[in-house]
$ cat entry.cif   # mmCIF, C-alpha atoms
data_input
#
loop_
_atom_site.label_atom_id
_atom_site.label_comp_id
_atom_site.auth_asym_id
_atom_site.auth_seq_id
_atom_site.Cartn_x
_atom_site.Cartn_y
_atom_site.Cartn_z
CA MET C 723 -27.77 22.85 -17.40
CA MET C 724 -30.04 19.83 -16.93
CA LEU C 725 -28.33 16.73 -18.22
CA ALA C 726 -29.47 13.16 -18.80
CA PRO C 727 -29.67 10.99 -15.66
CA THR C 728 -26.27 10.01 -14.36
CA TYR C 729 -26.20 7.29 -11.76
CA ILE C 730 -23.65 6.57 -9.04
CA ASP C 731 -22.84 2.86 -8.80
CA GLY C 732 -19.73 2.97 -6.66
CA SER C 733 -17.59 5.30 -4.59
CA GLY C 734 -14.36 5.11 -2.66
CA ALA C 735 -12.50 7.60 -0.51
CA VAL C 736 -9.17 7.87 1.26
CA VAL C 737 -9.29 10.79 3.67
CA PRO C 738 -8.10 11.65 7.21
CA GLN C 739 -10.93 9.46 8.54
CA PRO C 740 -11.29 5.67 8.36
CA THR C 741 -13.37 5.11 5.21
CA VAL C 742 -11.84 2.03 3.55
CA ASN C 743 -13.14 -1.40 4.59
CA GLN C 744 -15.47 0.11 7.17
CA ASP C 745 -18.83 -1.40 8.08
CA LYS C 746 -19.90 1.80 9.73
CA PHE C 747 -20.57 5.02 7.86
CA LEU C 748 -18.73 7.86 9.61
CA GLU C 749 -20.20 6.90 12.98
CA GLU C 750 -17.02 7.67 14.84
CA ILE C 751 -14.43 10.16 13.72
CA LEU C 752 -10.76 10.59 14.45
CA GLU C 753 -9.90 13.67 16.45
CA TYR C 754 -6.75 15.56 15.62
CA ASN C 755 -4.91 18.48 17.14
CA GLU C 756 -2.58 19.20 14.23
CA ARG C 757 -1.46 21.93 11.85
CA PHE C 758 -3.04 19.98 9.00
CA LEU C 759 -4.92 16.71 8.54
CA GLN C 760 -3.39 13.77 6.68
CA VAL C 761 -5.11 10.72 5.24
CA VAL C 762 -5.51 7.47 7.14
CA SER C 763 -3.41 5.17 4.96
CA PRO C 764 -5.12 1.92 4.02
CA VAL C 765 -2.98 -1.22 3.58
CA TYR C 766 -1.80 -0.23 0.12
CA LYS C 767 -0.34 -3.68 -0.60
CA ASP C 768 -3.88 -5.06 -0.59
CA TYR C 769 -4.66 -2.94 -3.63
CA ILE C 770 -1.38 -2.31 -5.45
CA ASP C 771 1.40 -4.64 -6.63
CA VAL C 772 4.40 -4.18 -4.31
CA LYS C 773 6.73 -3.76 -7.28
CA LEU C 774 4.70 -0.78 -8.49
CA LEU C 775 4.07 0.54 -5.01
CA ARG C 776 7.68 1.46 -4.36
CA ARG C 777 7.66 4.20 -6.99
CA MET C 778 4.36 5.71 -6.00
CA SER C 779 3.98 8.72 -3.78
CA LYS C 780 1.08 9.08 -1.36
CA ILE C 781 -1.25 10.90 -3.76
CA VAL C 782 -0.92 8.20 -6.41
CA LYS C 783 -1.50 5.42 -3.88
CA MET C 784 -4.56 7.03 -2.36
CA SER C 785 -6.09 7.75 -5.77
CA ILE C 786 -5.59 4.14 -6.90
CA VAL C 787 -7.12 2.73 -3.71
CA SER C 788 -10.16 5.00 -3.84
CA ALA C 789 -10.63 4.24 -7.56
CA ARG C 790 -10.35 0.50 -6.92
CA VAL C 791 -12.84 0.62 -4.03
CA ALA C 792 -15.31 2.54 -6.22
CA MET C 793 -14.94 0.02 -9.05
CA GLN C 794 -15.29 -2.96 -6.71
CA GLN C 795 -18.44 -1.45 -5.27
CA ALA C 796 -19.84 -0.86 -8.76
CA GLY C 797 -18.87 -4.38 -9.81
CA VAL C 798 -16.98 -3.22 -12.91
CA ASP C 799 -13.46 -3.92 -14.06
CA GLN C 800 -13.36 -1.42 -16.93
CA VAL C 801 -14.73 2.03 -17.68
CA ASP C 802 -15.17 4.07 -20.87
CA ALA C 803 -13.36 7.11 -19.52
CA ILE C 804 -11.27 8.27 -16.58
CA MET C 805 -11.71 11.88 -15.41
CA THR C 806 -9.51 13.25 -12.69
CA GLY C 807 -9.58 16.59 -10.92
CA THR C 808 -6.68 17.91 -8.87
CA GLY C 809 -5.89 21.43 -7.76
CA MET C 810 -2.22 20.99 -6.97
CA GLY C 811 -1.29 17.57 -8.33
CA CYS C 812 1.62 15.50 -7.07
CA GLN C 813 3.13 17.98 -4.65
CA ILE C 814 5.44 15.57 -2.80
CA ASP C 815 7.25 14.44 -5.95
CA THR C 816 7.26 17.93 -7.44
CA GLU C 817 8.96 19.23 -4.30
CA LYS C 818 11.38 16.30 -4.31
CA PHE C 819 12.33 17.02 -7.92
CA LEU C 820 12.67 20.79 -7.44
CA ASN C 821 14.66 20.38 -4.21
CA ALA C 822 17.04 17.99 -5.99
CA MET C 823 17.49 20.60 -8.74
CA ILE C 824 18.47 23.21 -6.16
CA GLU C 825 20.71 20.91 -4.09
CA ASN C 826 22.54 19.46 -7.08
CA GLY C 827 22.82 22.62 -9.16
CA GLU C 828 20.32 21.40 -11.77
CA THR C 829 22.30 18.20 -12.34
CA LEU C 830 21.97 14.58 -11.17
CA LEU C 831 18.19 14.57 -11.40
CA THR C 832 16.51 11.24 -10.82
CA PRO C 833 13.76 10.16 -13.21
CA THR C 834 11.19 8.75 -10.78
CA SER C 835 10.16 11.95 -9.03
CA PHE C 836 10.05 13.76 -12.39
CA ILE C 837 7.84 11.09 -13.95
CA GLN C 838 5.57 11.15 -10.89
CA SER C 839 5.38 14.92 -10.58
CA THR C 840 2.92 15.74 -13.36
CA HIS C 841 -0.72 16.44 -12.58
CA ASN C 842 -2.00 13.63 -14.79
CA THR C 843 0.08 10.97 -13.01
CA MET C 844 -2.93 9.74 -11.02
CA GLY C 845 -5.19 9.33 -14.05
CA GLY C 846 -2.30 7.71 -15.93
CA GLN C 847 -1.44 5.26 -13.16
CA ILE C 848 -5.07 4.22 -12.74
CA ALA C 849 -5.28 3.61 -16.50
CA LEU C 850 -2.05 1.59 -16.43
CA MET C 851 -3.31 -0.58 -13.61
CA LEU C 852 -6.60 -1.20 -15.41
CA GLY C 853 -4.97 -1.59 -18.81
CA ASN C 854 -7.39 1.12 -19.90
CA LYS C 855 -6.65 3.00 -23.14
CA ASN C 856 -9.88 5.00 -23.25
CA HIS C 857 -10.50 8.73 -22.84
CA ASN C 858 -8.38 9.99 -19.93
CA LEU C 859 -8.38 13.60 -18.87
CA THR C 860 -7.14 15.54 -15.84
CA TYR C 861 -8.65 18.88 -14.88
CA VAL C 862 -6.49 21.35 -12.97
CA HIS C 863 -8.70 24.31 -12.13
CA ARG C 864 -7.89 24.98 -8.50
CA THR C 865 -11.08 24.53 -6.46
CA PHE C 866 -13.14 23.89 -9.61
CA SER C 867 -10.99 20.88 -10.58
CA PHE C 868 -13.30 18.15 -9.34
CA GLU C 869 -16.42 19.96 -10.52
CA SER C 870 -14.91 20.29 -14.02
CA ALA C 871 -14.08 16.58 -14.14
CA LEU C 872 -17.58 15.74 -12.90
CA LEU C 873 -19.27 17.99 -15.45
CA ASP C 874 -17.22 16.52 -18.28
CA ALA C 875 -18.11 13.00 -17.13
CA MET C 876 -21.80 13.88 -17.01
CA MET C 877 -21.64 15.44 -20.48
CA MET C 878 -19.91 12.37 -21.92
CA ILE C 879 -22.70 10.22 -20.54
CA ALA C 880 -25.39 12.65 -21.77
CA GLU C 881 -23.89 12.65 -25.26
CA LYS C 882 -23.70 8.86 -25.18
CA GLU C 883 -19.94 8.89 -25.63
CA ALA C 884 -19.57 6.76 -22.52
CA GLN C 885 -21.67 4.35 -20.50
CA LYS C 886 -19.47 4.20 -17.44
CA VAL C 887 -17.00 6.85 -16.27
CA LEU C 888 -14.56 6.79 -13.39
CA VAL C 889 -14.32 10.29 -11.96
CA GLY C 890 -12.45 11.55 -8.92
CA GLY C 891 -10.84 14.42 -7.05
CA ILE C 892 -7.49 14.21 -5.27
CA ASP C 893 -5.07 16.52 -3.50
CA GLU C 894 -2.27 16.05 -1.01
CA ILE C 895 -0.71 18.35 1.59
CA THR C 896 3.00 18.77 2.27
CA ASP C 897 4.93 20.73 4.88
CA GLU C 898 6.19 23.11 2.16
CA SER C 899 2.81 23.86 0.63
CA TRP C 900 1.26 24.24 4.08
CA LEU C 901 4.03 26.67 5.08
CA ILE C 902 3.64 28.77 1.93
CA LYS C 903 -0.12 29.02 2.32
CA THR C 904 0.09 29.96 6.00
CA GLN C 905 2.16 33.00 4.92
CA ILE C 906 -0.82 34.34 2.99
CA ASP C 907 -3.37 33.35 5.66
CA TYR C 908 -4.94 30.63 3.53
CA TYR C 909 -4.20 28.03 6.20
CA LYS C 910 -4.04 28.19 10.00
CA LYS C 911 -0.52 28.63 11.40
CA HIS C 912 -0.99 26.72 14.64
CA ALA C 913 -2.39 23.32 15.50
CA CYS C 914 -6.12 23.24 16.04
CA LYS C 915 -8.57 20.56 17.09
CA ASN C 916 -10.54 19.43 14.06
CA SER C 917 -13.62 18.94 16.24
CA GLU C 918 -13.47 22.61 17.23
CA VAL C 919 -12.29 24.06 13.94
CA TYR C 920 -15.45 26.06 13.28
CA ASN C 921 -14.86 28.07 16.47
CA ASP C 922 -11.12 28.59 15.94
CA LEU C 923 -10.27 32.26 15.57
CA GLN C 924 -6.94 31.92 13.75
CA PRO C 925 -7.07 33.25 10.21
CA GLY C 926 -7.31 30.70 7.41
CA ALA C 927 -8.65 27.18 7.07
CA LEU C 928 -7.56 23.93 8.68
CA SER C 929 -5.86 22.31 5.71
CA GLY C 930 -6.07 18.67 4.74
CA GLU C 931 -6.00 16.19 1.89
CA GLY C 932 -7.96 13.36 0.40
CA SER C 933 -9.11 11.37 -2.59
CA ALA C 934 -12.58 10.28 -3.65
CA PHE C 935 -13.55 8.41 -6.80
CA PHE C 936 -16.92 7.48 -8.27
CA VAL C 937 -18.21 5.16 -10.94
CA LEU C 938 -20.88 7.02 -12.88
CA SER C 939 -23.22 5.16 -15.14
CA ALA C 940 -25.68 6.03 -17.90
CA ASP C 941 -28.03 3.24 -16.83
CA ARG C 942 -29.57 2.39 -13.52
CA SER C 943 -28.66 -1.07 -12.22
CA GLU C 944 -28.92 -3.09 -9.01
CA LYS C 945 -25.66 -1.42 -7.96
CA THR C 946 -27.05 2.10 -8.31
CA TYR C 947 -27.66 3.96 -5.08
CA ALA C 948 -27.68 7.60 -6.06
CA GLN C 949 -28.30 9.91 -8.97
CA LEU C 950 -26.17 12.88 -9.85
CA LYS C 951 -28.59 15.59 -10.93
CA GLY C 952 -26.38 18.55 -11.54
CA VAL C 953 -23.17 20.45 -11.00
CA SER C 954 -22.59 24.15 -11.46
CA THR C 955 -19.93 26.73 -10.68
CA LEU C 956 -19.90 30.46 -10.06
CA TYR C 957 -16.82 32.67 -10.14
CA LYS C 958 -16.48 35.68 -7.85
CA PRO C 959 -20.06 36.72 -7.11
CA ARG C 960 -20.30 40.46 -6.48
CA SER C 961 -22.96 40.19 -3.82
CA ASN C 962 -24.89 37.77 -1.63
CA LYS C 963 -27.84 38.29 -3.93
CA GLU C 964 -25.86 37.07 -6.94
CA LEU C 965 -24.94 33.96 -4.94
CA GLU C 966 -28.54 33.37 -3.87
CA ASP C 967 -29.72 33.82 -7.47
CA PHE C 968 -27.11 31.28 -8.57
CA ILE C 969 -28.52 28.71 -6.11
CA LYS C 970 -32.13 29.44 -7.07
CA ARG C 971 -31.32 29.18 -10.80
CA PHE C 972 -29.50 25.89 -10.23
CA LEU C 973 -32.50 24.39 -8.46
CA VAL C 974 -34.91 25.63 -11.14
CA THR C 975 -32.72 24.01 -13.80
CA SER C 976 -32.78 20.79 -11.77
CA GLU C 977 -36.57 21.08 -11.61
CA LEU C 978 -36.56 21.32 -7.81
CA GLY C 979 -37.56 23.93 -5.28
CA LEU C 980 -35.90 24.78 -1.97
CA SER C 981 -38.51 22.71 -0.16
CA ASP C 982 -37.41 19.61 -2.07
CA ILE C 983 -33.90 19.76 -0.61
CA ASP C 984 -33.59 17.60 2.50
CA LEU C 985 -30.03 18.43 3.46
CA VAL C 986 -27.35 20.92 2.46
CA ILE C 987 -23.75 19.86 3.00
CA MET C 988 -21.66 23.00 3.34
CA GLY C 989 -17.93 23.49 2.96
CA ASN C 990 -17.17 25.57 6.10
CA ASN C 991 -13.45 25.22 6.74
CA GLY C 992 -12.90 27.15 9.97
CA ASP C 993 -11.76 30.37 8.31
CA PRO C 994 -13.56 33.00 10.42
CA VAL C 995 -13.72 35.46 7.51
CA PHE C 996 -14.98 33.25 4.72
CA ASP C 997 -17.21 30.92 6.75
CA ARG C 998 -19.54 33.93 7.04
CA VAL C 999 -20.67 33.28 3.48
CA TYR C 1000 -22.00 29.87 4.59
CA GLU C 1001 -23.53 31.31 7.75
CA ASP C 1002 -25.35 34.01 5.78
CA LEU C 1003 -26.91 31.34 3.57
CA ALA C 1004 -27.72 29.02 6.48
CA THR C 1005 -29.57 31.81 8.24
CA GLY C 1006 -30.96 33.31 5.05
CA LEU C 1007 -31.97 31.57 1.82
CA LEU C 1008 -31.39 28.03 3.18
CA LYS C 1009 -32.66 28.59 6.73
CA THR C 1010 -35.46 26.05 6.48
CA ILE C 1011 -33.16 23.23 5.35
CA PRO C 1012 -31.03 21.11 7.72
CA THR C 1013 -27.32 21.63 7.12
CA GLY C 1014 -24.23 19.50 7.60
CA ARG C 1015 -20.51 20.25 7.45
CA PHE C 1016 -17.63 18.01 6.48
CA LYS C 1017 -14.25 19.77 6.51
CA HIS C 1018 -13.62 19.01 10.19
CA LEU C 1019 -13.28 15.43 8.89
CA CYS C 1020 -10.87 16.06 6.02
CA GLY C 1021 -9.58 19.62 6.21
CA GLU C 1022 -9.57 22.09 3.33
CA TYR C 1023 -8.10 21.13 -0.04
CA ASP C 1024 -8.86 22.07 -3.61
CA THR C 1025 -10.93 18.97 -4.39
CA ALA C 1026 -12.60 18.57 -0.98
CA SER C 1027 -16.03 18.72 -2.64
CA SER C 1028 -15.33 15.19 -3.93
CA PHE C 1029 -15.39 13.96 -0.32
CA ALA C 1030 -18.65 15.87 0.21
CA LEU C 1031 -20.09 13.94 -2.72
CA TRP C 1032 -18.82 10.70 -1.16
CA ILE C 1033 -20.67 11.62 2.04
CA ALA C 1034 -23.86 12.67 0.23
CA SER C 1035 -24.01 9.52 -1.87
CA GLY C 1036 -23.20 7.49 1.27
CA ILE C 1037 -26.17 9.08 3.06
CA LEU C 1038 -28.44 8.04 0.21
CA ARG C 1039 -26.95 4.54 0.19
CA HIS C 1040 -27.25 4.02 3.95
CA GLN C 1041 -30.46 6.07 4.26
CA HIS C 1042 -28.91 7.65 7.30
CA VAL C 1043 -27.34 11.02 8.13
CA PRO C 1044 -24.33 10.46 10.42
CA SER C 1045 -24.36 12.68 13.49
CA THR C 1046 -20.68 13.42 12.86
CA ILE C 1047 -21.53 15.82 10.02
CA SER C 1048 -24.24 17.84 11.70
CA GLN C 1049 -24.17 20.21 14.64
CA HIS C 1050 -27.49 18.97 15.90
CA PRO C 1051 -29.06 15.49 15.62
CA PHE C 1052 -30.64 15.22 12.18
CA LYS C 1053 -34.40 15.40 12.61
CA GLY C 1054 -35.47 15.88 9.04
CA ARG C 1055 -37.06 13.32 6.73
CA THR C 1056 -34.91 10.60 5.18
CA PRO C 1057 -33.00 12.51 2.54
CA LYS C 1058 -33.95 12.17 -1.11
CA ASN C 1059 -32.24 15.28 -2.44
CA ILE C 1060 -28.92 16.54 -1.05
CA LEU C 1061 -27.29 19.78 -2.14
CA ILE C 1062 -23.54 20.28 -1.72
CA TYR C 1063 -22.43 23.88 -1.56
CA ASN C 1064 -18.74 24.72 -1.43
CA HIS C 1065 -16.71 27.87 -1.95
CA PHE C 1066 -13.09 28.87 -1.74
CA ARG C 1067 -12.43 32.29 -0.19
CA ASN C 1068 -15.60 33.64 -1.78
CA ILE C 1069 -13.98 33.22 -5.22
CA ASN C 1070 -14.89 29.79 -6.58
CA HIS C 1071 -18.41 28.68 -5.62
CA SER C 1072 -19.87 25.32 -6.61
CA LEU C 1073 -23.08 23.35 -6.28
CA ILE C 1074 -23.56 19.60 -6.69
CA LEU C 1075 -26.99 18.01 -6.46
CA VAL C 1076 -27.33 14.33 -5.67
CA SER C 1077 -30.60 12.44 -5.26
CA THR C 1078 -31.99 8.95 -4.74
CA PRO C 1079 -32.02 6.93 -7.99
CA ASP C 1080 -35.79 7.12 -8.36
CA ALA C 1081 -36.09 10.87 -7.71
CA SER C 1082 -37.57 12.54 -10.78
CA MET Q 536 35.39 -4.38 -0.66
CA GLU Q 537 33.01 -6.01 1.86
CA ALA Q 538 32.19 -2.63 3.40
CA LEU Q 539 31.60 -1.08 -0.02
CA ILE Q 540 29.22 -3.91 -0.99
CA GLU Q 541 27.19 -3.46 2.21
CA LYS Q 542 27.06 0.31 1.72
CA LEU Q 543 25.94 -0.13 -1.89
CA LYS Q 544 23.16 -2.49 -0.87
CA GLU Q 545 21.84 0.06 1.62
CA GLN Q 546 22.10 2.91 -0.90
CA ILE Q 547 20.26 0.94 -3.58
CA ILE Q 548 17.48 -0.07 -1.19
CA LYS Q 549 17.04 3.57 -0.18
CA GLN Q 550 17.35 5.08 -3.66
CA LEU Q 551 14.98 2.60 -5.28
CA ASN Q 552 12.64 2.43 -2.28
CA LEU Q 553 12.80 -1.38 -2.24
CA GLU Q 554 10.18 -2.02 0.39
CA ASP Q 555 10.48 -5.21 2.46
CA ILE Q 556 14.02 -5.89 1.24
CA THR Q 557 17.01 -5.82 3.61
CA PRO Q 558 20.71 -5.87 2.66
CA ALA Q 559 20.83 -9.50 3.82
CA ASP Q 560 18.21 -10.41 1.19
CA ILE Q 561 20.46 -9.29 -1.65
CA ASN Q 562 23.10 -11.72 -2.87
CA GLU Q 563 26.01 -9.67 -4.18
CA GLU Q 564 26.39 -11.93 -7.21
CA ASP Q 565 22.72 -12.11 -8.21
CA SER Q 566 21.63 -10.12 -11.25
CA LEU Q 567 20.03 -6.78 -10.44
CA PHE Q 568 17.74 -6.83 -13.48
CA GLY Q 569 15.41 -9.53 -14.73
CA GLU Q 570 15.10 -12.51 -12.45
CA GLY Q 571 17.32 -11.23 -9.62
CA LEU Q 572 16.08 -8.07 -7.94
CA GLY Q 573 13.74 -7.44 -10.85
CA LEU Q 574 14.87 -3.89 -11.54
CA ASP Q 575 13.87 -2.12 -14.76
CA SER Q 576 15.08 0.65 -17.08
CA ILE Q 577 13.94 3.47 -14.78
CA ASP Q 578 15.95 1.87 -11.98
CA ALA Q 579 18.96 1.80 -14.31
CA LEU Q 580 18.71 5.59 -14.65
CA GLU Q 581 18.45 5.89 -10.86
CA LEU Q 582 21.61 3.77 -10.49
CA ILE Q 583 23.52 5.95 -12.97
CA VAL Q 584 22.59 9.03 -10.91
CA LEU Q 585 23.52 7.20 -7.68
CA LEU Q 586 27.01 6.39 -9.01
CA GLU Q 587 27.63 9.99 -10.01
CA LYS Q 588 26.13 11.56 -6.90
CA GLU Q 589 27.59 9.25 -4.25
CA TYR Q 590 30.88 8.24 -5.86
CA GLY Q 591 31.58 10.96 -8.42
CA ILE Q 592 31.72 8.41 -11.22
CA ARG Q 593 30.17 9.20 -14.57
CA ILE Q 594 29.46 6.42 -17.03
CA GLU Q 595 30.73 7.78 -20.33
CA ASN Q 596 29.67 4.90 -22.55
CA PRO Q 597 26.05 3.74 -21.97
CA LYS Q 598 26.95 0.36 -23.47
CA ASP Q 599 29.12 -0.32 -20.40
CA GLY Q 600 26.00 -0.14 -18.19
CA GLN Q 601 24.96 -3.72 -18.81
CA LYS Q 602 28.29 -5.00 -17.47
CA ILE Q 603 28.63 -2.51 -14.62
CA PHE Q 604 25.09 -2.97 -13.31
CA PHE Q 605 24.99 -6.74 -13.66
CA SER Q 606 25.22 -7.26 -9.88
CA ILE Q 607 26.14 -5.49 -6.67
CA LYS Q 608 29.60 -7.09 -6.95
CA THR Q 609 30.25 -5.77 -10.47
CA MET Q 610 29.09 -2.32 -9.36
CA ALA Q 611 31.42 -2.40 -6.36
CA GLU Q 612 34.35 -3.51 -8.53
CA PHE Q 613 33.66 -0.70 -10.98
CA ILE Q 614 33.46 1.85 -8.15
CA GLN Q 615 36.70 0.65 -6.61
CA GLU Q 616 38.41 0.95 -9.95
CA HIS Q 617 37.11 4.43 -10.81
CA GLN Q 618 36.38 6.16 -7.53
CA LYS Q 619 37.36 9.82 -7.50
CA LYS Q 620 35.85 10.88 -4.17
#
$ encode --input "entry.cif" --output "structure tokens"
Amino acid sequence: MMLAPTYIDGSGAVVPQPTVNQDKFLEEILEYNERFLQVVSPVYKDYIDVKLLRRMSKIVKMSIVSARVAMQQAGVDQVDAIMTGTGMGCQIDTEKFLNAMIENGETLLTPTSFIQSTHNTMGGQIALMLGNKNHNLTYVHRTFSFESALLDAMMMIAEKEAQKVLVGGIDEITDESWLIKTQIDYYKKHACKNSEVYNDLQPGALSGEGSAFFVLSADRSEKTYAQLKGVSTLYKPRSNKELEDFIKRFLVTSELGLSDIDLVIMGNNGDPVFDRVYEDLATGLLKTIPTGRFKHLCGEYDTASSFALWIASGILRHQHVPSTISQHPFKGRTPKNILIYNHFRNINHSLILVSTPDAS
Amino acid sequence: MEALIEKLKEQIIKQLNLEDITPADINEEDSLFGEGLGLDSIDALELIVLLEKEYGIRIENPKDGQKIFFSIKTMAEFIQEHQKK
């Protein structure tokens, strides 16, 4: 569906790479040889009152910092709505609460981890910090969570229900959740170098975590550096052709052709089975378009596409494609239209199209 | 009593995740709520659970809480008086 123009005025991310207070845009990356990737913690005290900080788990802190960075960049101190997407929510506090239930025979439960264990804690805490009583919604749709939040934000702007919307995607990894998902081959069992993840033969993805927030606006301003042109999802395509048709349809709806796309950012995650879907597209329908990958930077998590959007909008802002996201030096034209394509185990497929502000 | 006060300080710092505060920073007679340590109602619930979990003491009458949790010293006195463990 083609919606009214939605502009990106600010973005912030907390991921396993240094992204907060950085002059450089992903020029150098941190190399890991771990079972899963964890975020580089910013100095949280610079963004959150120490008295509040003590009750917050990692996921809440990283969402608040990324939201604050996005709002600072956009030069706004209030928004008309807050939309949050999270696949798994506050896992650390949920585990803490459930473990306490088991250890203490369902008695002596402490309130803090319970209060902080619900999925909408991040959206709620951001609203509390801003003193914001406007529309506040959290989407929990596994790997469609961020896309759902984004689509809702775009629709609110299109229907003129909001001028500015804060929208983000967040997920955290824990030892427990990693362990459970290695049992079903979702995640790799052994440590792996993130820089070599796409050649790792272990089943599953290299898991990770992260948070990325954006200030979307109905109007273009001097702060605007990108335009969100569309988002679409596809559930369980039955064939490669259905997937290719989905991409073609999406571009037609966005009034673009394949030749208009300057870069495709793909969600390869190092899973040898499911990365084939990306490879088939890169050597098939999208073979003429330069491609980039991002999950060696952040690992796989349900809302990882939010970090891809942070990268894509950053490319448009800096007018530069960092060599850290592409296999080969980027030789294409300065990007005007960037397509993000992500899928989770060939079940949930999503497309996000982001362009320069003046792109028609 | 001294040992109990020190232990309580450490337990409270850990339970309430009081970052940047050491046992030496807490005066045993200062109020825990309001101007003293600045604890709030959620912390009060955490302290009730701490008393029951660590010392086996259950506060039967919630109205007693204000007196018991006034300071580290009043907590320690209450524990000494009622300790079952």
$ resolve_selection --input "entry.cif" --expression "the PyMOL selection byres ((chain Q and resi 590) around 10)" --output "ChimeraX atom specification"
/Q:584-589,591-593,614-615,617-620
$ residues_around --input "entry.cif" --residues "C:Asp768" --least-positions-apart "6" --cutoff "12 Å" --atoms "all atoms listed in the file" --output "PyMOL selection string"
chain C and resi 742-743+775+783+786-787+790-791
$ atom_distance --input "entry.cif" --atom1 "atom CA of C:Phe866" --atom2 "atom CA of C:Ile1069"
10.3 Å
$ resolve_selection --input "entry.cif" --expression "the PyMOL selection byres ((chain Q) within 10 of (chain C))" --output "list in words"
Gln550, Leu551, Asn552, Leu553, Glu554, Asp555, Gly573, Leu574, Ile577, Asp578, Ala579, Leu580, Glu581, Leu582, Ile583, Val584, Leu585, Leu586, Glu587 and Lys588 of chain Q
$ write_last_selection --input "entry.cif" --atoms "C-alpha atoms" --output "PDB file, keeping the file's coordinate frame"
ATOM      1  CA  GLN Q 550      17.350   5.080  -3.660  1.00  0.00           C
ATOM      2  CA  LEU Q 551      14.980   2.600  -5.280  1.00  0.00           C
ATOM      3  CA  ASN Q 552      12.640   2.430  -2.280  1.00  0.00           C
ATOM      4  CA  LEU Q 553      12.800  -1.380  -2.240  1.00  0.00           C
ATOM      5  CA  GLU Q 554      10.180  -2.020   0.390  1.00  0.00           C
ATOM      6  CA  ASP Q 555      10.480  -5.210   2.460  1.00  0.00           C
ATOM      7  CA  GLY Q 573      13.740  -7.440 -10.850  1.00  0.00           C
ATOM      8  CA  LEU Q 574      14.870  -3.890 -11.540  1.00  0.00           C
ATOM      9  CA  ILE Q 577      13.940   3.470 -14.780  1.00  0.00           C
ATOM     10  CA  ASP Q 578      15.950   1.870 -11.980  1.00  0.00           C
ATOM     11  CA  ALA Q 579      18.960   1.800 -14.310  1.00  0.00           C
ATOM     12  CA  LEU Q 580      18.710   5.590 -14.650  1.00  0.00           C
ATOM     13  CA  GLU Q 581      18.450   5.890 -10.860  1.00  0.00           C
ATOM     14  CA  LEU Q 582      21.610   3.770 -10.490  1.00  0.00           C
ATOM     15  CA  ILE Q 583      23.520   5.950 -12.970  1.00  0.00           C
ATOM     16  CA  VAL Q 584      22.590   9.030 -10.910  1.00  0.00           C
ATOM     17  CA  LEU Q 585      23.520   7.200  -7.680  1.00  0.00           C
ATOM     18  CA  LEU Q 586      27.010   6.390  -9.010  1.00  0.00           C
ATOM     19  CA  GLU Q 587      27.630   9.990 -10.010  1.00  0.00           C
ATOM     20  CA  LYS Q 588      26.130  11.560  -6.900  1.00  0.00           C
TER      21      LYS Q 588
END
$ atom_distance --input "entry.cif" --atom1 "atom CA of C:Thr1025" --atom2 "atom CA of C:Gly853"
25.8 Å
$ atom_distance --input "entry.cif" --atom1 "atom CA of Q:Thr557" --atom2 "atom CA of Q:Ile603"
21.9 Å
$ closest_residue --input "entry.cif" --among "Q:Glu595, Q:Asp575, Q:Glu564, Q:Gln601" --to "Q:Lys544" --atoms "only C-alpha atoms"
Q:Glu564
$ residues_around --input "entry.cif" --residues "Q:Met536" --least-positions-apart "2" --cutoff "10 Å" --atoms "all atoms listed in the file" --output "VMD selection string"
chain Q and resid 538 to 542 608 611 to 612 614 to 615
$ closest_residue --input "entry.cif" --among "C:Ile969, C:Leu1038, C:Ile730, C:Leu850" --to "C:Met876" --atoms "only C-alpha atoms"
C:Ile730
$ closest_residue --input "entry.cif" --among "C:Lys958, C:His857, C:His1071, C:Arg971" --to "C:Val889" --atoms "all atoms listed in the file"
C:His857
$ residues_around --input "entry.cif" --residues "stretch 994-1010 of chain C" --least-positions-apart "6" --cutoff "9 Å" --atoms "all atoms listed in the file" --output "CSV table (one decimal) with C-alpha atoms, in the frame of the given file"
chain,number,residue,atom,x,y,z
C,920,TYR,CA,-15.4,26.1,13.3
C,921,ASN,CA,-14.9,28.1,16.5
C,922,ASP,CA,-11.1,28.6,15.9
C,923,LEU,CA,-10.3,32.3,15.6
C,924,GLN,CA,-6.9,31.9,13.8
C,925,PRO,CA,-7.1,33.2,10.2
C,926,GLY,CA,-7.3,30.7,7.4
C,927,ALA,CA,-8.6,27.2,7.1
C,962,ASN,CA,-24.9,37.8,-1.6
C,966,GLU,CA,-28.5,33.4,-3.9
C,980,LEU,CA,-35.9,24.8,-2.0
C,981,SER,CA,-38.5,22.7,-0.2
C,986,VAL,CA,-27.4,20.9,2.5
C,988,MET,CA,-21.7,23.0,3.3
C,1063,TYR,CA,-22.4,23.9,-1.6
C,1064,ASN,CA,-18.7,24.7,-1.4
C,1065,HIS,CA,-16.7,27.9,-2.0
C,1066,PHE,CA,-13.1,28.9,-1.7
C,1067,ARG,CA,-12.4,32.3,-0.2
C,1068,ASN,CA,-15.6,33.6,-1.8
$ resolve_selection --input "entry.cif" --expression "the PyMOL selection byres ((chain C and resi 890) around 9)" --output "number ranges by chain"
C: 785, 788-789, 804-808, 868, 871-872, 888-889, 891-892, 933-937, 1025, 1028
$ axis_aligned_box --input "entry.cif" --around "stretch 569-578 of chain Q" --padding-each-side "6 Å" --output "AutoDock Vina command-line options"
--center_x 15.5 --center_y -4.5 --center_z -12.5 --size_x 15.6 --size_y 28.0 --size_z 21.1
